[in-house]
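Here the structure is laid out as structure tokens; the discussion comes afterwards.
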Amino acid sequence: MDTRIHERYADDPAARIAAQALRNCVHCGFCNATCPTYQELGDELDGPRGRIYLIKQVLEQGEADAATGRHLDRCLTCLNCMTTCPSGVNYAHLVEFGREAVERDVPRGWRERLLRAMLKRTLPAGWPFRLALGAGRLARPLLRGELRAKVPAALPAPPRPGRPAGAPVLQGGAVPFEHGRVLLLAGCVHDAIDARINAAFQRLMAARGIEVVQVSAARCCGAVEHHLSDAERTRARLHANLDAWAPALEQGVDAVVSTASGCGAMLRDYAHLLEGDDEYQERARELTALVRDPAELFDADTVTALGIEVADEDRRIAWHAPCTLQHGQGLAGRVEPLLRAAGCEVLPVAEGHLCCGSAGTYSITQPAMARQLRDRKLANLEAAAPARIVSANIGCLSHLQSGTERGVEHWLSLLDRHRREG
């Protein structure tokens, strides 16, 4: 797709990256066939191909308009289109440029500004979210319907995270453990919603003789600010995290891990987001090279060696692969063999490639579409009457749980619950 960049963007590195992505597009429309919003709305401009044309107009005309903002806001950034695209178009970089142009050029109404400002200041900070969540849980018995479902119920405290016993490191997965140590991102809302997940990861790694290091100063990966197209706050977050992690990285770690696949996808993008940053770019590349999803740290033999055998009442599993795992990180099919090695029957799920509608802050900023996609996803997940629904991202877990009485659980928590001690 031939594109002539407007002089406004002549010195903009993001515009050059977007223009290069556009040149790879051949207008085939395969992307629309797997786009959740296009399937729901049937509007060309609410599919990737239409949004690409809108972004092309921004690049050539030098300004975004309200229509561009409306259609880009409806995009989930699930990146299903990138998995489908035969030409390798990097839609993620395109939509990133387009959304930042919208934020600069198109004034939002006061309600939108207030909501987006609250999300940027509340979620990454941790404690304001915990305070709001605690108040919501206290009021939960008085709430009704969809509002009640949006407040995650309080969960029992997890078992104490384990410490490596000093035994030889049990290998397994795609990472050779030379240091016997991994760096874990705590997450900004992760432990507030479900502290069992990170605790499960720590216990499983301890059982393998591997130390898990956390740095309290680095909690949010920066995805919240990035989803809301605040480039300045995103870069500041990335700088702060790289500074906070520097001592641990200098000591040597085998992997940098998040148990939320959405955060893992964000960590893998640090080098791109800090492109041209003389002070931090090389450090970002070094970090990105170490990022691994937990699924890459395990294999079937490791699961067996850890003595994990899922009990009969939990064996029928409906697996929901988050978009950030299968499309963002390119790790489709990595968790299912681990579940089967633990004795699970992984049931077939129709439309497994489609987004559940969580998509970071999307379920808050676009609640109607998020509900439609959630209900469609749950209908497919529950079709075979599973004992549990299992996923790999805290946002997906919470979003799905808000629409069903069936238990929704992280795969790490499931394996940890069924591990034989000793």
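For the structure tokens, the naming scheme is as follows: chains receive sequential letters (A, B, ...) according to their order of presentation, residues are indexed from 1 within each chain, and ligands are indexed from 1 in presentation order.
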Which polymer residues have any atom within 9 Å of an atom of region 77-90 of chain A, counting only C-alpha atoms, with same-chain residues fewer than 6 positions away left out, as a count of residues only?
-> 31
DSSP helix (DSSP H, G or I) selection over region 104-293 of chain A, as a VMD selection string | chain A and resid 104 to 105 110 to 122 127 to 142 145 to 150 190 to 194 196 to 207 223 to 227 231 to 251 261 to 268 270 to 273 281 to 290
Identify which of the residues A:Leu274, A:Ala67, A:Leu381, A:Ala295 lies closest to Val102 (chain A), counting only C-alpha atoms when measuring atom-to-atom distances.
->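 The closest residue to Val102 (chain A) is A:Ala67.
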Give me the region 289-397 of chain A side of the contact with region 39-45 of chain A, cut-off 10 Å, one line per residue showing its nearest atom pair and distance in Å at one decimal, counting only C-alpha atoms, sorted by chain and residue number, as a Markdown table.
```
| residue | atom | partner | partner_atom | distance |
| --- | --- | --- | --- | --- |
| A:Met369 | CA | A:Glu40 | CA | 8.4 |
| A:Gln372 | CA | A:Glu40 | CA | 8.3 |
| A:Leu373 | CA | A:Glu40 | CA | 8.3 |
```
Please produce a file of the residues just selected, as a PDB file, in the first residue's frame, where the atoms kept are N, CA, C and O atoms.
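The resulting selection06.pdb:
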```pdb
ATOM      1  N   MET A 369     -19.687  -3.712  23.815  1.00  0.00           N
ATOM      2  CA  MET A 369     -19.026  -4.685  22.947  1.00  0.00           C
ATOM      3  C   MET A 369     -18.315  -5.747  23.771  1.00  0.00           C
ATOM      4  O   MET A 369     -18.312  -6.939  23.397  1.00  0.00           O
ATOM      5  N   GLN A 372     -20.835  -8.367  24.764  1.00  0.00           N
ATOM      6  CA  GLN A 372     -21.207  -9.215  23.624  1.00  0.00           C
ATOM      7  C   GLN A 372     -20.155 -10.296  23.383  1.00  0.00           C
ATOM      8  O   GLN A 372     -20.483 -11.471  23.193  1.00  0.00           O
ATOM      9  N   LEU A 373     -18.908  -9.872  23.381  1.00  0.00           N
ATOM     10  CA  LEU A 373     -17.822 -10.819  23.102  1.00  0.00           C
ATOM     11  C   LEU A 373     -17.647 -11.808  24.244  1.00  0.00           C
ATOM     12  O   LEU A 373     -17.362 -12.991  24.014  1.00  0.00           O
TER      13      LEU A 373
END
```
Residue contacts of region 242-258 of chain A (8 Å, only C-alpha atoms) excluding same-chain residues fewer than 6 positions away, as a short mmCIF file (atom, residue, chain, number, x, y, z; two decimals) with all heavy atoms, in the first residue's frame:
```
data_model
loop_
_atom_site.label_atom_id
_atom_site.label_comp_id
_atom_site.auth_asym_id
_atom_site.auth_seq_id
_atom_site.Cartn_x
_atom_site.Cartn_y
_atom_site.Cartn_z
N VAL A 175 13.70 -22.88 28.66
CA VAL A 175 14.71 -22.03 29.30
C VAL A 175 15.72 -22.88 30.06
O VAL A 175 15.33 -23.61 30.98
CB VAL A 175 14.03 -21.02 30.27
CG1 VAL A 175 15.08 -20.21 31.02
CG2 VAL A 175 13.09 -20.10 29.52
N PRO A 176 17.00 -22.82 29.72
CA PRO A 176 18.01 -23.51 30.54
C PRO A 176 18.30 -22.69 31.80
O PRO A 176 18.66 -21.51 31.71
CB PRO A 176 19.23 -23.55 29.61
CG PRO A 176 19.05 -22.39 28.68
CD PRO A 176 17.57 -22.19 28.52
N PHE A 177 18.12 -23.29 32.96
CA PHE A 177 18.29 -22.56 34.21
C PHE A 177 19.75 -22.62 34.66
O PHE A 177 20.18 -23.57 35.31
CB PHE A 177 17.35 -23.12 35.28
CG PHE A 177 15.90 -22.83 35.02
CD1 PHE A 177 15.06 -23.80 34.48
CD2 PHE A 177 15.38 -21.58 35.27
CE1 PHE A 177 13.73 -23.52 34.22
CE2 PHE A 177 14.05 -21.29 35.02
CZ PHE A 177 13.23 -22.26 34.49
N GLU A 178 20.50 -21.60 34.27
CA GLU A 178 21.92 -21.54 34.63
C GLU A 178 22.12 -20.84 35.97
O GLU A 178 22.97 -21.22 36.76
CB GLU A 178 22.68 -20.80 33.53
CG GLU A 178 22.60 -21.51 32.17
CD GLU A 178 23.20 -20.69 31.05
OE1 GLU A 178 23.71 -19.58 31.34
OE2 GLU A 178 23.17 -21.15 29.89
N HIS A 179 21.33 -19.80 36.22
CA HIS A 179 21.44 -19.06 37.48
C HIS A 179 20.53 -19.63 38.56
O HIS A 179 20.72 -19.35 39.75
CB HIS A 179 21.09 -17.58 37.26
CG HIS A 179 21.93 -16.89 36.24
ND1 HIS A 179 23.22 -16.47 36.49
CD2 HIS A 179 21.66 -16.54 34.95
CE1 HIS A 179 23.71 -15.89 35.41
NE2 HIS A 179 22.79 -15.93 34.46
N GLY A 180 19.51 -20.38 38.16
CA GLY A 180 18.55 -20.89 39.13
C GLY A 180 17.69 -19.80 39.73
O GLY A 180 17.24 -19.90 40.87
N ARG A 181 17.44 -18.75 38.91
CA ARG A 181 16.71 -17.58 39.43
C ARG A 181 15.91 -16.95 38.30
O ARG A 181 16.42 -16.80 37.19
CB ARG A 181 17.72 -16.57 39.99
CG ARG A 181 17.12 -15.36 40.68
CD ARG A 181 18.19 -14.35 41.09
NE ARG A 181 19.25 -14.96 41.87
CZ ARG A 181 20.50 -15.12 41.44
NH1 ARG A 181 20.86 -14.69 40.24
NH2 ARG A 181 21.40 -15.67 42.21
N VAL A 182 14.67 -16.56 38.60
CA VAL A 182 13.86 -15.82 37.64
C VAL A 182 13.32 -14.57 38.31
O VAL A 182 13.13 -14.53 39.54
CB VAL A 182 12.69 -16.67 37.07
CG1 VAL A 182 13.21 -17.89 36.34
CG2 VAL A 182 11.71 -17.05 38.16
N LEU A 183 13.09 -13.54 37.51
CA LEU A 183 12.54 -12.27 37.98
C LEU A 183 11.06 -12.24 37.63
O LEU A 183 10.68 -12.40 36.47
CB LEU A 183 13.27 -11.10 37.32
CG LEU A 183 12.78 -9.68 37.63
CD1 LEU A 183 12.89 -9.38 39.11
CD2 LEU A 183 13.56 -8.67 36.80
N LEU A 184 10.21 -12.05 38.65
CA LEU A 184 8.76 -12.07 38.47
C LEU A 184 8.19 -10.67 38.63
O LEU A 184 8.42 -10.00 39.64
CB LEU A 184 8.11 -13.01 39.50
CG LEU A 184 6.58 -13.05 39.51
CD1 LEU A 184 6.04 -13.64 38.20
CD2 LEU A 184 6.07 -13.84 40.71
N LEU A 185 7.40 -10.24 37.64
CA LEU A 185 6.65 -8.99 37.74
C LEU A 185 5.45 -9.21 38.64
O LEU A 185 4.63 -10.12 38.39
CB LEU A 185 6.20 -8.54 36.35
CG LEU A 185 5.31 -7.30 36.28
CD1 LEU A 185 6.12 -6.05 36.59
CD2 LEU A 185 4.65 -7.18 34.91
N ALA A 186 5.32 -8.40 39.68
CA ALA A 186 4.21 -8.59 40.63
C ALA A 186 2.87 -8.26 39.99
O ALA A 186 1.87 -8.95 40.21
CB ALA A 186 4.42 -7.72 41.86
N GLY A 187 2.82 -7.20 39.18
CA GLY A 187 1.56 -6.78 38.57
C GLY A 187 0.85 -5.75 39.42
O GLY A 187 0.91 -5.79 40.65
N VAL A 213 12.55 -13.95 42.22
CA VAL A 213 12.90 -12.62 42.74
C VAL A 213 11.83 -11.63 42.31
O VAL A 213 11.39 -11.65 41.15
CB VAL A 213 14.27 -12.16 42.19
CG1 VAL A 213 14.61 -10.77 42.70
CG2 VAL A 213 15.35 -13.16 42.57
N VAL A 215 10.74 -7.33 42.62
CA VAL A 215 11.20 -5.99 42.95
C VAL A 215 9.97 -5.13 43.17
O VAL A 215 9.20 -4.87 42.24
CB VAL A 215 12.07 -5.41 41.81
CG1 VAL A 215 12.51 -3.98 42.14
CG2 VAL A 215 13.29 -6.29 41.56
N ALA A 217 9.43 -2.07 43.64
CA ALA A 217 9.33 -0.77 42.96
C ALA A 217 8.78 -0.91 41.54
O ALA A 217 8.35 0.08 40.95
CB ALA A 217 10.69 -0.09 42.92
N ALA A 218 8.81 -2.12 40.98
CA ALA A 218 8.31 -2.35 39.62
C ALA A 218 7.09 -3.26 39.71
O ALA A 218 7.23 -4.46 39.87
CB ALA A 218 9.39 -2.97 38.76
N GLY A 264 3.08 -10.00 29.94
CA GLY A 264 4.20 -10.61 29.22
C GLY A 264 4.32 -10.06 27.82
O GLY A 264 5.44 -9.78 27.33
N TYR A 280 18.07 4.22 27.16
CA TYR A 280 17.39 3.00 27.63
C TYR A 280 17.20 1.92 26.56
O TYR A 280 16.82 0.80 26.91
CB TYR A 280 16.00 3.37 28.19
CG TYR A 280 16.06 4.03 29.55
CD1 TYR A 280 16.14 5.41 29.67
CD2 TYR A 280 16.03 3.26 30.72
CE1 TYR A 280 16.19 6.02 30.92
CE2 TYR A 280 16.07 3.86 31.96
CZ TYR A 280 16.15 5.24 32.06
OH TYR A 280 16.20 5.82 33.30
N ARG A 283 19.21 -1.36 27.05
CA ARG A 283 18.73 -2.05 28.25
C ARG A 283 17.38 -2.72 27.99
O ARG A 283 17.12 -3.83 28.47
CB ARG A 283 18.64 -1.07 29.42
CG ARG A 283 20.00 -0.57 29.90
CD ARG A 283 19.87 0.63 30.80
NE ARG A 283 19.11 0.32 32.01
CZ ARG A 283 18.78 1.23 32.92
NH1 ARG A 283 19.14 2.50 32.75
NH2 ARG A 283 18.11 0.88 34.01
N ALA A 284 16.54 -2.04 27.22
CA ALA A 284 15.24 -2.63 26.88
C ALA A 284 15.42 -3.87 26.02
O ALA A 284 14.71 -4.87 26.20
CB ALA A 284 14.39 -1.59 26.14
N LEU A 287 16.44 -6.73 28.26
CA LEU A 287 15.31 -7.23 29.02
C LEU A 287 14.39 -8.07 28.14
O LEU A 287 14.01 -9.18 28.50
CB LEU A 287 14.51 -6.06 29.61
CG LEU A 287 13.23 -6.51 30.34
CD1 LEU A 287 13.51 -6.77 31.80
CD2 LEU A 287 12.09 -5.52 30.17
N LEU A 290 15.09 -11.62 27.57
CA LEU A 290 14.92 -12.52 28.72
C LEU A 290 13.46 -12.84 29.02
O LEU A 290 13.18 -13.73 29.83
CB LEU A 290 15.55 -11.90 29.97
CG LEU A 290 17.07 -11.86 30.03
CD1 LEU A 290 17.53 -10.98 31.19
CD2 LEU A 290 17.64 -13.27 30.19
N VAL A 291 12.51 -12.13 28.39
CA VAL A 291 11.10 -12.30 28.74
C VAL A 291 10.61 -13.68 28.30
O VAL A 291 10.83 -14.11 27.16
CB VAL A 291 10.24 -11.20 28.10
CG1 VAL A 291 8.76 -11.46 28.35
CG2 VAL A 291 10.64 -9.83 28.65
N ARG A 292 9.97 -14.38 29.22
CA ARG A 292 9.37 -15.68 28.94
C ARG A 292 8.01 -15.75 29.62
O ARG A 292 7.81 -15.24 30.72
CB ARG A 292 10.24 -16.83 29.46
CG ARG A 292 11.62 -16.94 28.85
CD ARG A 292 11.56 -17.37 27.40
NE ARG A 292 12.89 -17.55 26.84
CZ ARG A 292 13.61 -16.59 26.28
NH1 ARG A 292 13.13 -15.36 26.22
NH2 ARG A 292 14.81 -16.84 25.80
N ASP A 293 7.07 -16.41 28.97
CA ASP A 293 5.81 -16.73 29.61
C ASP A 293 6.01 -17.96 30.48
O ASP A 293 6.86 -18.82 30.16
CB ASP A 293 4.75 -17.02 28.54
CG ASP A 293 3.37 -17.19 29.15
OD1 ASP A 293 2.71 -16.16 29.39
OD2 ASP A 293 2.97 -18.35 29.39
N PRO A 294 5.25 -18.11 31.58
CA PRO A 294 5.40 -19.32 32.40
C PRO A 294 5.27 -20.62 31.60
O PRO A 294 5.91 -21.62 31.92
CB PRO A 294 4.26 -19.19 33.42
CG PRO A 294 4.07 -17.72 33.56
CD PRO A 294 4.34 -17.13 32.21
#
```
